[in-house]
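Below is one structure, written out as structure tokens; the observations come after it.
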Amino acid sequence: MVVDKSSERVRKMFGEIAPKYDRMNHLLSMNVDRYWRWKAVRKLAPNRNDPILDVCTGTGDLAFSFHKYTDGQVPVIGSDFCFEMLEVGRRKGEKSNRNVEFVEADAQNLPFEDDQFQVVSAAFGLRNVASTDQGLKEMTRVCKPGGKVAILEFSIPRYQPIKGMYGWYFKNVLPRIGQMMAKNDSSAYDYLPDSVGEFPCYEKLTERMLAAGLSTAEFYPLTFGIATLYLGTK
Ligand SMILES: C[S@@+](CC[C@H](N)C(=O)[O-])C[C@H]1O[C@@H](n2cnc3c(N)ncnc32)[C@H](O)[C@@H]1O
């Protein structure tokens with residue numbers, strides 16, 4: 001089955017779940033998502049000089065983590081093509097006094113010059129982008145030479161029994177709880193396991209990162225491979 005990732009469908013789906021997105025995220029991942037983002041920021045260890053871009057930023061959690069890590073010393077931009085998700089992010093920034101700039105933009109056509117950012121990241125976002133390769137190319141284009149492209153994404157654990165447990169939770173538990181809470185029409189939480197199943201993971205994604213123009217690409221499975229951090233250098 002090919003998952004429908006048309007911009008209209010994906011934008012509408014996230015627009016509908018935006019007000020509940022953060023709560024659902026933390027609940028369904030049992031808060032482990034916070035640890036994954038923290039781990040990604042620690043691993044990247046951004047400097048205090050150059051700007052950072054987080055694409056598919058949604059409500060901005062990874063962008064806020066970068067802002068916190070750098071003590072607000074560098075500009076952090078969060079971009080996304082879903083206005084409703086960005087609005088939640090903007091409100092969180094105002095409340096917490098974290099000055100992240102939110103920009104409405106498609107990750108496949110970023111409104112930034114070449115070679116701008118020390119880190120270009122996407123957390124649980126690239127999987128939703130209609131063309132993975134075009135998303136990776138754009139992330140690479142706006143990254144500075146020597147900078148990092150970082151992808152944090154769900155992956156399918158390689159080993160039993162985690163692999164079986166994960167498949168069961170993803171197919172049976174998560175869509176039901178998600179649908180019950182989100183009450184949206186676009187089957188966002190059916191879409192989740194389908195899109196994860198279809199997305200290239202581990203070596204398959206690092207190959208695509210190299211093909212997009214990065215000179216190195218490595219991956220680090222997190223929490224038994226439920227999520228994976230991919231790091232590329234331009
Ligand atoms: C699962 S959310 C992840 C949000 C956030 N990065 C996080 O870690 O919680 C995926 C986000 O990707 C955005 N997205 C999907 N396709 C996109 C595209 N082509 N351009 C920009 N944003 C996109 C959606 O609007 C949504 O906000």
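In the structure tokens, the first chain shown is A, the next is B, and so on; residue numbers restart at 1 for each chain, and ligands run from 1 in the order shown.
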
So that I can check the surroundings of Leu110 of chain A, please list as a PyMOL selection string every protein, DNA and RNA residue that reaches within 10 Å of it, counting only C-alpha atoms and ignoring chain neighbours fewer than 6 positions away. chain A and resi 55+79-80+103-104+135+138-139+141-142

Identify, counting only C-alpha atoms and all ligand atoms, the protein, DNA and RNA residues located within 9 Å of ligand 1, and give them as JSON, numbers by chain. {"A": [5, 6, 7, 10, 11, 12, 13, 14, 15, 18, 21, 22, 25, 33, 34, 37, 54, 55, 56, 57, 58, 59, 60, 61, 62, 63, 78, 79, 80, 81, 82, 83, 84, 85, 86, 104, 105, 106, 107, 108, 109, 110, 121, 122, 123, 124, 125, 126, 127, 128, 129, 130, 131, 135, 152, 153, 192]}

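One finds atom CA of Val149 of chain A at 17.4 Å from atom CA of Tyr69 of chain A.
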
Could you tell me how far atom CA of Thr228 of chain A lies from atom CA of Ala45 of chain A, in Å and to one decimal? 17.3 Å

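Interatomic distance, atom CA of Arg98 of chain A to atom CA of Ser65 of chain A: 9.8 Å.
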
Just checking: using only C-alpha atoms, which residue out of A:Phe117, A:Ala211, A:Val41, A:Asn49 ends up closest to Ile77 of chain A? A:Phe117
